[in-house]
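To start, the structure itself, in structure tokens.
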Amino acid sequence: MTREMHPSRWGDAAQAGPLPDSTRELVEYAFGLQERPAVAYPQVPAAALPEQIVAGLRAIVGEEHVLLDDETRRVRTRGKSTPDLLRARSGDLADAPDAVVRPASHDQVLALIALAETHRFALVPFGGGTSVTGGLVARRDDVVGVVSLDLIRMKALREVDPISMTAVLEPGLRGPEAEALLAEHQMTLGHYPQSFEYASIGGFAATRSSGQSSAGYGRFDSLVVGLEVATARGTLALGSSPANAAGPDLRQLILGSEGAFGVITAVRVRVRALPTVKAYEAWGFPSFDAGSDAMRLLAQNGQLPTVIRLSDENETALNLASHSNVGGAATEGCLMIVGFEGTDADAVATKRDAVSALLTRSGGTSLGEERGAAWVQGRFAAPYLRDALLDVGVLVETLETATFWSKRDEVYQAVRDALIAELGEKTLVLCHISHVYETGCSLYFTVAAPGGEEPLPTWLAAKAAATEAMVAHGATVSHHHAVGTDHRPWFAREIGPVGVDILRAVKAELDPAGVLNPGVMIP
């Protein structure tokens, strides 16, 4: 059975808990503690969908797959950004859908889109509910209601091609479910974002997700070789070959479109052989600059391992202080995690030796495997810590961008400065690089500050200042979190007026009634 997340918290309640004593002491020293318990079960507004629409939904998917109860609507409300959580924790679930509908097939999705056009209600595709940019909050202007298009029943592994090494997955599969099905064929997708345990295949595609193993396996959009999409115009089937020169690649138009152009109902992906050899280790670097330069050289020399991530000085110090019983790394400088996976022990060892030699020449010091193993064990746990910090009045959120290597330090400093200027000198800004390319890298920031009496407007002002700094310095508004509604104003500046016109034209052609996730992504 698919696990559901709490409406105002992350993940599995059994894994949640209070702050560890060591972390609590650090937080009290830095920010002070102010207990802020959340509303246990926020109320949802009464469903207001006309009976004619409800009857139409039931006729398509069956009565048992149209849900109007408060509990189901509650857990299909918004995503899991800090603003989403702050609203829910205060008891505000005003964006709850009027109904949740669960189709079982591509044809049923097409029929639901046609019904939405006829009766002018919004359809919001829902996979795992892990959006952190407002991607599940449809605009309610000009629609009679909002229906959550829950893809939870569409979770088959439709096809496996062991010769071409591709597989066709349905969009409702959560990350662990997809990996389990592929493992039965000795295959892996290798896509492990921090949201892996709850995020879905459809969500990975619709947001251009990038996982923690992107250095070795690639971003999700690079893994997609084919798509099946239900649109108001009918079926869009893409990907008849691994590559082509037959005009612009329409797959790239759908990837990252967040349900605004159509609903992804199947994804053909490139898969790899299930790794039998895994090794993770830690390295220390004297500075963030030195570690970044080493990552750049690895990328530009074609020597990237499966996983590589570098924490700046602040993130390194905090991680070491919070895990003082793990390993023996120095508490100065920057910590790098490097991981290797494969099916051939000799090939993995050869890659590891080459990477180690370059890191050593770049000023790195090997710190052994203990911290690498600790990172693997806790790689999906950070959102639970955010909940525990919100409980004691600390405002915590993440934001990310990407830029070229030559602008890396400029963007890093500009975003840090903007956050501290907006939130105050007590603000703690952490950063790591976890996705690298020959030409540049991502910068992933974690921010902690006193929440004060009005944490939501406080964070929204800080997020606006940080995003403004990104755009002003030529960086993207999002490397892997998508646009949603939160980034939309700055996205318009990033792509320019001609780009905006192109997206609006596509929206008008594929969704003329404007019922597919209205207000999301399109400036």
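Identifiers in the structure tokens: chain A, B, ... in order shown; residue index from 1 per chain; ligand index from 1 in order shown.
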| request: Write out as a PyMOL selection string each polymer residue whose atoms come within 7 Å of stretch 199-204 of chain A, counting only C-alpha atoms; drop sequence neighbours fewer than 2 positions from it. | output: chain A and resi 127-130+171-175+195-197+206-209+220+264
| message | Can you pull out every residue from stretch 197-321 of chain A that DSSP, working from the backbone, puts in strand (DSSP E or B), and format the result as a ChimeraX atom specification? | response | /A:200,224-231,234-238,263-270,272-273,277-285,307-311
Give me a file of those residues, with N, CA, C and O atoms, as a short mmCIF file (atom, residue, chain, number, x, y, z; two decimals), in the first residue's frame.
data_model
loop_
_atom_site.label_atom_id
_atom_site.label_comp_id
_atom_site.auth_asym_id
_atom_site.auth_seq_id
_atom_site.Cartn_x
_atom_site.Cartn_y
_atom_site.Cartn_z
N SER A 200 7.25 10.58 -7.50
CA SER A 200 6.79 9.61 -8.50
C SER A 200 7.51 9.78 -9.83
O SER A 200 8.11 10.82 -10.11
N VAL A 224 15.10 9.98 -20.14
CA VAL A 224 13.84 9.77 -20.85
C VAL A 224 14.08 9.66 -22.34
O VAL A 224 14.66 10.55 -22.96
N VAL A 225 13.63 8.56 -22.92
CA VAL A 225 13.74 8.40 -24.38
C VAL A 225 12.38 8.40 -25.06
O VAL A 225 12.30 8.49 -26.29
N GLY A 226 11.30 8.32 -24.28
CA GLY A 226 9.97 8.35 -24.88
C GLY A 226 8.92 8.76 -23.88
O GLY A 226 9.09 8.57 -22.66
N LEU A 227 7.82 9.33 -24.37
CA LEU A 227 6.74 9.80 -23.51
C LEU A 227 5.39 9.50 -24.14
O LEU A 227 5.25 9.56 -25.37
N GLU A 228 4.41 9.20 -23.32
CA GLU A 228 3.02 9.15 -23.73
C GLU A 228 2.30 10.22 -22.90
O GLU A 228 2.41 10.24 -21.67
N VAL A 229 1.58 11.11 -23.59
CA VAL A 229 0.97 12.26 -22.93
C VAL A 229 -0.48 12.38 -23.35
O VAL A 229 -0.81 12.32 -24.54
N ALA A 230 -1.36 12.56 -22.37
CA ALA A 230 -2.77 12.83 -22.64
C ALA A 230 -2.97 14.34 -22.66
O ALA A 230 -2.64 15.02 -21.68
N THR A 231 -3.46 14.87 -23.76
CA THR A 231 -3.71 16.31 -23.87
C THR A 231 -5.15 16.54 -24.27
O THR A 231 -5.87 15.62 -24.67
N GLY A 234 -5.73 15.34 -27.68
CA GLY A 234 -5.60 13.90 -27.93
C GLY A 234 -4.27 13.39 -27.40
O GLY A 234 -3.61 14.03 -26.59
N THR A 235 -3.85 12.23 -27.91
CA THR A 235 -2.63 11.59 -27.43
C THR A 235 -1.40 12.13 -28.15
O THR A 235 -1.38 12.24 -29.38
N LEU A 236 -0.38 12.43 -27.38
CA LEU A 236 0.92 12.82 -27.91
C LEU A 236 1.90 11.70 -27.57
O LEU A 236 2.18 11.44 -26.40
N ALA A 237 2.38 10.98 -28.59
CA ALA A 237 3.32 9.88 -28.39
C ALA A 237 4.67 10.29 -28.97
O ALA A 237 4.77 10.63 -30.16
N LEU A 238 5.69 10.26 -28.13
CA LEU A 238 7.01 10.77 -28.52
C LEU A 238 8.08 9.74 -28.22
O LEU A 238 8.01 9.03 -27.22
N VAL A 263 -0.99 15.52 -19.45
CA VAL A 263 -0.71 14.61 -18.34
C VAL A 263 0.14 13.46 -18.86
O VAL A 263 -0.25 12.73 -19.78
N ILE A 264 1.33 13.30 -18.30
CA ILE A 264 2.22 12.22 -18.68
C ILE A 264 1.65 10.90 -18.15
O ILE A 264 1.44 10.75 -16.95
N THR A 265 1.40 9.96 -19.06
CA THR A 265 0.79 8.69 -18.65
C THR A 265 1.74 7.50 -18.79
O THR A 265 1.42 6.40 -18.34
N ALA A 266 2.89 7.70 -19.41
CA ALA A 266 3.93 6.65 -19.48
C ALA A 266 5.24 7.31 -19.86
O ALA A 266 5.26 8.30 -20.60
N VAL A 267 6.32 6.74 -19.36
CA VAL A 267 7.67 7.24 -19.64
C VAL A 267 8.55 6.07 -20.03
O VAL A 267 8.64 5.08 -19.29
N ARG A 268 9.18 6.15 -21.19
CA ARG A 268 10.20 5.16 -21.56
C ARG A 268 11.54 5.72 -21.12
O ARG A 268 11.92 6.83 -21.52
N VAL A 269 12.25 4.97 -20.30
CA VAL A 269 13.50 5.45 -19.73
C VAL A 269 14.66 4.52 -20.06
O VAL A 269 14.50 3.33 -20.29
N ARG A 270 15.82 5.11 -20.10
CA ARG A 270 17.07 4.35 -20.22
C ARG A 270 17.41 3.80 -18.84
O ARG A 270 17.39 4.53 -17.85
N ARG A 272 20.01 0.98 -16.41
CA ARG A 272 21.36 0.41 -16.31
C ARG A 272 21.28 -0.94 -15.60
O ARG A 272 20.29 -1.25 -14.94
N ALA A 273 22.35 -1.69 -15.70
CA ALA A 273 22.44 -2.94 -14.95
C ALA A 273 22.50 -2.64 -13.46
O ALA A 273 23.16 -1.68 -13.03
N VAL A 277 28.56 -3.58 -7.06
CA VAL A 277 29.71 -3.04 -6.34
C VAL A 277 29.40 -1.58 -6.00
O VAL A 277 29.05 -0.79 -6.88
N LYS A 278 29.51 -1.24 -4.72
CA LYS A 278 29.27 0.14 -4.28
C LYS A 278 30.34 0.53 -3.26
O LYS A 278 30.68 -0.26 -2.38
N ALA A 279 30.84 1.74 -3.41
CA ALA A 279 31.82 2.25 -2.46
C ALA A 279 31.63 3.75 -2.30
O ALA A 279 31.58 4.48 -3.30
N TYR A 280 31.50 4.20 -1.06
CA TYR A 280 31.32 5.63 -0.77
C TYR A 280 32.38 6.05 0.23
O TYR A 280 32.66 5.35 1.20
N GLU A 281 32.95 7.21 -0.02
CA GLU A 281 34.02 7.69 0.85
C GLU A 281 33.93 9.20 1.01
O GLU A 281 33.23 9.88 0.27
N ALA A 282 34.67 9.70 2.00
CA ALA A 282 34.71 11.14 2.26
C ALA A 282 36.09 11.69 1.96
O ALA A 282 37.10 10.99 2.11
N TRP A 283 36.09 12.94 1.53
CA TRP A 283 37.33 13.67 1.29
C TRP A 283 37.24 15.04 1.95
O TRP A 283 36.15 15.61 2.05
N GLY A 284 38.38 15.54 2.39
CA GLY A 284 38.43 16.87 2.95
C GLY A 284 39.19 17.81 2.04
O GLY A 284 40.20 17.43 1.42
N PHE A 285 38.71 19.05 1.92
CA PHE A 285 39.37 20.09 1.13
C PHE A 285 39.54 21.34 1.99
O PHE A 285 38.69 21.63 2.84
N VAL A 307 28.43 9.48 -7.60
CA VAL A 307 27.95 10.54 -6.70
C VAL A 307 29.12 11.43 -6.34
O VAL A 307 30.22 10.94 -6.03
N ILE A 308 28.90 12.73 -6.39
CA ILE A 308 29.90 13.66 -5.87
C ILE A 308 29.17 14.89 -5.35
O ILE A 308 28.33 15.46 -6.04
N ARG A 309 29.45 15.25 -4.12
CA ARG A 309 28.81 16.41 -3.51
C ARG A 309 29.80 17.05 -2.54
O ARG A 309 30.55 16.36 -1.84
N LEU A 310 29.80 18.36 -2.52
CA LEU A 310 30.75 19.13 -1.73
C LEU A 310 30.00 20.11 -0.86
O LEU A 310 29.24 20.95 -1.37
N SER A 311 30.20 20.05 0.44
CA SER A 311 29.60 21.01 1.38
C SER A 311 30.54 22.17 1.60
O SER A 311 31.76 21.99 1.68
#
| query | Do you know which residues are at most 9 Å from stretch 289-299 of chain A counting only C-alpha atoms, after dropping those on the same chain fewer than 2 positions away, and could you put them as a PyMOL selection string? | reply | chain A and resi 215+284-287+301-305+308-312+334-336+355+358-359+361-364+405+408-409+433+436-441
Kindly export the residues of the current selection with N, CA and C atoms, as an mmCIF file, in the first residue's frame.
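Result file is again_39.cif:
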data_model
loop_
_atom_site.group_PDB
_atom_site.id
_atom_site.type_symbol
_atom_site.label_atom_id
_atom_site.label_comp_id
_atom_site.auth_asym_id
_atom_site.auth_seq_id
_atom_site.Cartn_x
_atom_site.Cartn_y
_atom_site.Cartn_z
ATOM 1 N N ALA A 215 25.673 12.492 -11.313
ATOM 2 C CA ALA A 215 26.998 12.484 -11.945
ATOM 3 C C ALA A 215 27.236 11.173 -12.693
ATOM 4 N N GLY A 284 38.382 15.535 2.388
ATOM 5 C CA GLY A 284 38.434 16.869 2.953
ATOM 6 C C GLY A 284 39.194 17.814 2.041
ATOM 7 N N PHE A 285 38.706 19.047 1.921
ATOM 8 C CA PHE A 285 39.374 20.086 1.135
ATOM 9 C C PHE A 285 39.544 21.338 1.986
ATOM 10 N N PRO A 286 40.622 22.072 1.766
ATOM 11 C CA PRO A 286 40.878 23.242 2.613
ATOM 12 C C PRO A 286 39.853 24.356 2.462
ATOM 13 N N SER A 287 39.127 24.401 1.338
ATOM 14 C CA SER A 287 38.164 25.473 1.112
ATOM 15 C C SER A 287 37.117 25.033 0.104
ATOM 16 N N ASN A 301 37.455 16.472 -17.280
ATOM 17 C CA ASN A 301 38.333 15.372 -17.697
ATOM 18 C C ASN A 301 37.567 14.075 -17.950
ATOM 19 N N GLY A 302 36.235 14.116 -17.808
ATOM 20 C CA GLY A 302 35.443 12.909 -18.033
ATOM 21 C C GLY A 302 35.660 11.838 -16.988
ATOM 22 N N GLN A 303 35.905 12.226 -15.744
ATOM 23 C CA GLN A 303 36.212 11.262 -14.691
ATOM 24 C C GLN A 303 35.213 11.303 -13.537
ATOM 25 N N LEU A 304 33.998 11.728 -13.784
ATOM 26 C CA LEU A 304 33.036 11.842 -12.698
ATOM 27 C C LEU A 304 32.674 10.485 -12.114
ATOM 28 N N PRO A 305 32.587 10.389 -10.782
ATOM 29 C CA PRO A 305 32.093 9.164 -10.147
ATOM 30 C C PRO A 305 30.574 9.131 -10.222
ATOM 31 N N ILE A 308 28.897 12.731 -6.392
ATOM 32 C CA ILE A 308 29.896 13.659 -5.874
ATOM 33 C C ILE A 308 29.172 14.889 -5.352
ATOM 34 N N ARG A 309 29.453 15.246 -4.120
ATOM 35 C CA ARG A 309 28.814 16.414 -3.507
ATOM 36 C C ARG A 309 29.802 17.050 -2.542
ATOM 37 N N LEU A 310 29.796 18.362 -2.523
ATOM 38 C CA LEU A 310 30.749 19.126 -1.727
ATOM 39 C C LEU A 310 30.005 20.110 -0.858
ATOM 40 N N SER A 311 30.196 20.052 0.444
ATOM 41 C CA SER A 311 29.602 21.008 1.378
ATOM 42 C C SER A 311 30.540 22.172 1.602
ATOM 43 N N ASP A 312 29.976 23.373 1.717
ATOM 44 C CA ASP A 312 30.825 24.515 2.035
ATOM 45 C C ASP A 312 31.224 24.467 3.508
ATOM 46 N N CYS A 334 36.225 21.801 4.047
ATOM 47 C CA CYS A 334 34.989 21.349 3.397
ATOM 48 C C CYS A 334 35.002 19.843 3.184
ATOM 49 N N LEU A 335 33.838 19.259 3.357
ATOM 50 C CA LEU A 335 33.690 17.819 3.236
ATOM 51 C C LEU A 335 33.093 17.472 1.878
ATOM 52 N N MET A 336 33.686 16.505 1.198
ATOM 53 C CA MET A 336 33.188 16.003 -0.078
ATOM 54 C C MET A 336 32.823 14.530 0.085
ATOM 55 N N VAL A 355 39.930 8.887 -9.909
ATOM 56 C CA VAL A 355 39.311 10.015 -9.206
ATOM 57 C C VAL A 355 40.146 10.395 -7.982
ATOM 58 N N LEU A 358 43.230 12.425 -8.925
ATOM 59 C CA LEU A 358 42.949 13.826 -9.272
ATOM 60 C C LEU A 358 42.584 14.630 -8.032
ATOM 61 N N LEU A 359 41.781 14.057 -7.133
ATOM 62 C CA LEU A 359 41.409 14.778 -5.915
ATOM 63 C C LEU A 359 42.630 15.062 -5.051
ATOM 64 N N ARG A 361 45.758 15.426 -6.155
ATOM 65 C CA ARG A 361 46.521 16.488 -6.823
ATOM 66 C C ARG A 361 45.873 17.848 -6.636
ATOM 67 N N SER A 362 44.567 17.859 -6.408
ATOM 68 C CA SER A 362 43.837 19.119 -6.239
ATOM 69 C C SER A 362 43.803 19.595 -4.798
ATOM 70 N N GLY A 363 44.518 18.921 -3.928
ATOM 71 C CA GLY A 363 44.595 19.363 -2.538
ATOM 72 C C GLY A 363 43.681 18.625 -1.587
ATOM 73 N N GLY A 364 43.016 17.561 -2.060
ATOM 74 C CA GLY A 364 42.105 16.812 -1.211
ATOM 75 C C GLY A 364 42.813 15.786 -0.353
ATOM 76 N N TRP A 405 30.735 27.612 -14.300
ATOM 77 C CA TRP A 405 31.858 27.584 -13.355
ATOM 78 C C TRP A 405 32.455 28.973 -13.138
ATOM 79 N N ARG A 408 30.451 30.763 -10.547
ATOM 80 C CA ARG A 408 30.064 30.010 -9.355
ATOM 81 C C ARG A 408 30.232 30.821 -8.073
ATOM 82 N N ASP A 409 31.388 31.416 -7.858
ATOM 83 C CA ASP A 409 31.617 32.161 -6.619
ATOM 84 C C ASP A 409 30.763 33.420 -6.563
ATOM 85 N N ILE A 433 27.335 21.644 -3.399
ATOM 86 C CA ILE A 433 27.272 21.340 -4.834
ATOM 87 C C ILE A 433 27.052 19.840 -4.948
ATOM 88 N N VAL A 436 27.099 18.329 -11.116
ATOM 89 C CA VAL A 436 28.187 19.003 -11.824
ATOM 90 C C VAL A 436 28.184 18.618 -13.298
ATOM 91 N N TYR A 437 28.654 19.547 -14.101
ATOM 92 C CA TYR A 437 28.717 19.383 -15.550
ATOM 93 C C TYR A 437 30.048 19.943 -16.023
ATOM 94 N N GLU A 438 30.384 19.678 -17.266
ATOM 95 C CA GLU A 438 31.629 20.225 -17.797
ATOM 96 C C GLU A 438 31.641 21.753 -17.724
ATOM 97 N N THR A 439 30.475 22.358 -17.883
ATOM 98 C CA THR A 439 30.411 23.818 -17.981
ATOM 99 C C THR A 439 29.976 24.522 -16.706
ATOM 100 N N GLY A 440 29.463 23.787 -15.720
ATOM 101 C CA GLY A 440 28.977 24.464 -14.520
ATOM 102 C C GLY A 440 28.468 23.499 -13.470
ATOM 103 N N CYS A 441 27.720 24.034 -12.511
ATOM 104 C CA CYS A 441 27.280 23.230 -11.379
ATOM 105 C C CYS A 441 26.016 23.828 -10.764
#
| said: as a ChimeraX atom specification, please: the residues near A:Arg89 (cut-off 6 Å, only C-alpha atoms, same-chain neighbours under 4 positions excluded). | reply: /A:8,38-39,85
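Remark: for A:Ala461, the closest of the candidate residues A:His435, A:Phe445, A:Leu19, A:Leu423 is A:Leu423 (distances computed over only C-alpha atoms).
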| request: Enumerate, as a PyMOL selection string, the complete set of residues in stretch 165-352 of chain A that a backbone-based DSSP assignment places in alpha helix (DSSP H). | output: chain A and resi 175-183+201-206+214-217+220-223+251-254+288-300+313-322+345-352
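Here atom CA of A:Ala382 is placed at a distance of 16.9 Å from atom CA of A:Leu443.
Proximity of A:Tyr192, A:Trp375, A:Phe380, A:Phe340 to A:Gln15, computed with only C-alpha atoms, is greatest for A:Phe380.
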Shell of 10 Å around A:Pro162, only C-alpha atoms, local chain residues under 2 positions omitted, as a CSV table (one decimal) with all heavy atoms, in the first residue's frame:
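Output file result.csv follows:
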chain,number,residue,atom,x,y,z
A,159,GLU,N,6.7,-2.4,-19.8
A,159,GLU,CA,7.6,-3.1,-20.8
A,159,GLU,C,9.1,-3.0,-20.3
A,159,GLU,O,9.5,-2.0,-19.8
A,159,GLU,CB,7.4,-2.4,-22.1
A,159,GLU,CG,8.3,-3.0,-23.3
A,159,GLU,CD,8.2,-2.1,-24.5
A,159,GLU,OE1,7.1,-1.6,-24.8
A,159,GLU,OE2,9.2,-1.9,-25.2
A,160,VAL,N,9.8,-4.1,-20.6
A,160,VAL,CA,11.2,-4.1,-20.4
A,160,VAL,C,11.9,-4.6,-21.7
A,160,VAL,O,11.5,-5.6,-22.3
A,160,VAL,CB,11.6,-5.0,-19.2
A,160,VAL,CG1,13.1,-5.2,-19.1
A,160,VAL,CG2,11.1,-4.5,-17.9
A,164,SER,N,17.9,-3.2,-25.7
A,164,SER,CA,18.1,-1.8,-25.8
A,164,SER,C,18.3,-1.1,-24.4
A,164,SER,O,18.7,0.0,-24.3
A,164,SER,CB,16.8,-1.1,-26.4
A,164,SER,OG,16.6,-1.7,-27.7
A,165,MET,N,18.0,-1.9,-23.3
A,165,MET,CA,18.1,-1.4,-22.0
A,165,MET,C,17.2,-0.2,-21.7
A,165,MET,O,17.6,0.9,-21.3
A,165,MET,CB,19.6,-1.1,-21.6
A,165,MET,CG,20.5,-2.3,-21.4
A,165,MET,SD,19.9,-3.4,-20.1
A,165,MET,CE,20.4,-2.6,-18.6
A,166,THR,N,16.0,-0.4,-22.0
A,166,THR,CA,14.9,0.6,-21.7
A,166,THR,C,13.8,-0.1,-21.0
A,166,THR,O,13.6,-1.3,-21.1
A,166,THR,CB,14.4,1.3,-23.0
A,166,THR,OG1,13.7,0.3,-23.8
A,166,THR,CG2,15.5,1.9,-23.8
A,167,ALA,N,13.0,0.7,-20.4
A,167,ALA,CA,11.8,0.2,-19.7
A,167,ALA,C,10.7,1.3,-19.8
A,167,ALA,O,11.0,2.5,-19.8
A,167,ALA,CB,12.1,-0.1,-18.2
A,185,HIS,N,14.4,-7.4,-12.8
A,185,HIS,CA,15.0,-7.7,-14.1
A,185,HIS,C,16.5,-7.3,-14.0
A,185,HIS,O,17.1,-7.2,-15.1
A,185,HIS,CB,14.3,-6.8,-15.1
A,185,HIS,CG,12.9,-7.1,-15.3
A,185,HIS,ND1,12.4,-8.1,-16.2
A,185,HIS,CD2,11.8,-6.6,-14.7
A,185,HIS,CE1,11.1,-8.2,-16.1
A,185,HIS,NE2,10.7,-7.3,-15.2
A,186,GLN,N,17.0,-7.2,-12.8
A,186,GLN,CA,18.5,-6.8,-12.6
A,186,GLN,C,18.8,-5.5,-13.3
A,186,GLN,O,19.9,-5.3,-13.8
A,186,GLN,CB,19.4,-8.0,-13.1
A,186,GLN,CG,19.2,-9.3,-12.4
A,186,GLN,CD,19.4,-9.2,-10.9
A,186,GLN,OE1,20.5,-8.7,-10.5
A,186,GLN,NE2,18.4,-9.5,-10.1
A,187,MET,N,17.9,-4.6,-13.1
A,187,MET,CA,18.0,-3.2,-13.7
A,187,MET,C,17.8,-2.2,-12.7
A,187,MET,O,17.2,-2.4,-11.6
A,187,MET,CB,17.0,-3.0,-14.9
A,187,MET,CG,17.2,-3.9,-16.1
A,187,MET,SD,15.9,-3.6,-17.3
A,187,MET,CE,16.4,-4.6,-18.7
A,271,VAL,N,17.7,2.5,-18.8
A,271,VAL,CA,18.1,1.9,-17.5
A,271,VAL,C,19.5,1.3,-17.6
A,271,VAL,O,20.1,1.2,-18.6
A,271,VAL,CB,17.0,0.8,-17.1
A,271,VAL,CG1,15.7,1.4,-16.8
A,271,VAL,CG2,16.9,-0.3,-18.2
A,272,ARG,N,20.0,1.0,-16.4
A,272,ARG,CA,21.4,0.4,-16.3
A,272,ARG,C,21.3,-0.9,-15.6
A,272,ARG,O,20.3,-1.3,-14.9
A,272,ARG,CB,22.3,1.3,-15.5
A,272,ARG,CG,22.3,2.8,-16.0
A,272,ARG,CD,23.0,3.0,-17.3
A,272,ARG,NE,22.9,4.4,-17.6
A,272,ARG,CZ,23.8,5.3,-17.3
A,272,ARG,NH1,24.8,5.0,-16.4
A,272,ARG,NH2,23.7,6.6,-17.7
A,273,ALA,N,22.3,-1.7,-15.7
A,273,ALA,CA,22.4,-2.9,-15.0
A,273,ALA,C,22.5,-2.6,-13.5
A,273,ALA,O,23.2,-1.7,-13.0
A,273,ALA,CB,23.7,-3.7,-15.4
Each residue of stretch 353-450 of chain A lying at most 9 Å from stretch 21-35 of chain A should get a row with its shortest atom-to-atom pair and the distance in Å to one decimal, counting only C-alpha atoms; could you produce that, ordered by chain and increasing number, as a tab-separated table?
residue	atom	partner	partner_atom	distance
A:Leu389	CA	A:Val27	CA	8.3
A:Leu390	CA	A:Glu35	CA	8.5
A:Asp391	CA	A:Glu35	CA	5.9
A:Val392	CA	A:Glu35	CA	4.3
A:Gly393	CA	A:Gln34	CA	4.9
A:Val394	CA	A:Phe31	CA	7.3
A:Lys426	CA	A:Phe31	CA	7.2
A:Thr427	CA	A:Phe31	CA	8.6
A:Leu428	CA	A:Ala30	CA	8.8
A:Ala448	CA	A:Phe31	CA	9.0
A:Ala449	CA	A:Phe31	CA	6.9
A:Pro450	CA	A:Phe31	CA	5.6
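For the set A:Ala374, A:Leu456, A:Arg87, A:Ala475, the residue with the smallest atom-to-atom gap to A:Phe404 is A:Ala475, counting only C-alpha atoms.
Look at A:Ser131: the protein and nucleic acid residues within 7 Å of it, using only C-alpha atoms and passing over chain neighbours fewer than 2 places away, are Gly79, Lys80, Ser81, Gly129, Thr133, Gly134 and Gly135 of chain A.
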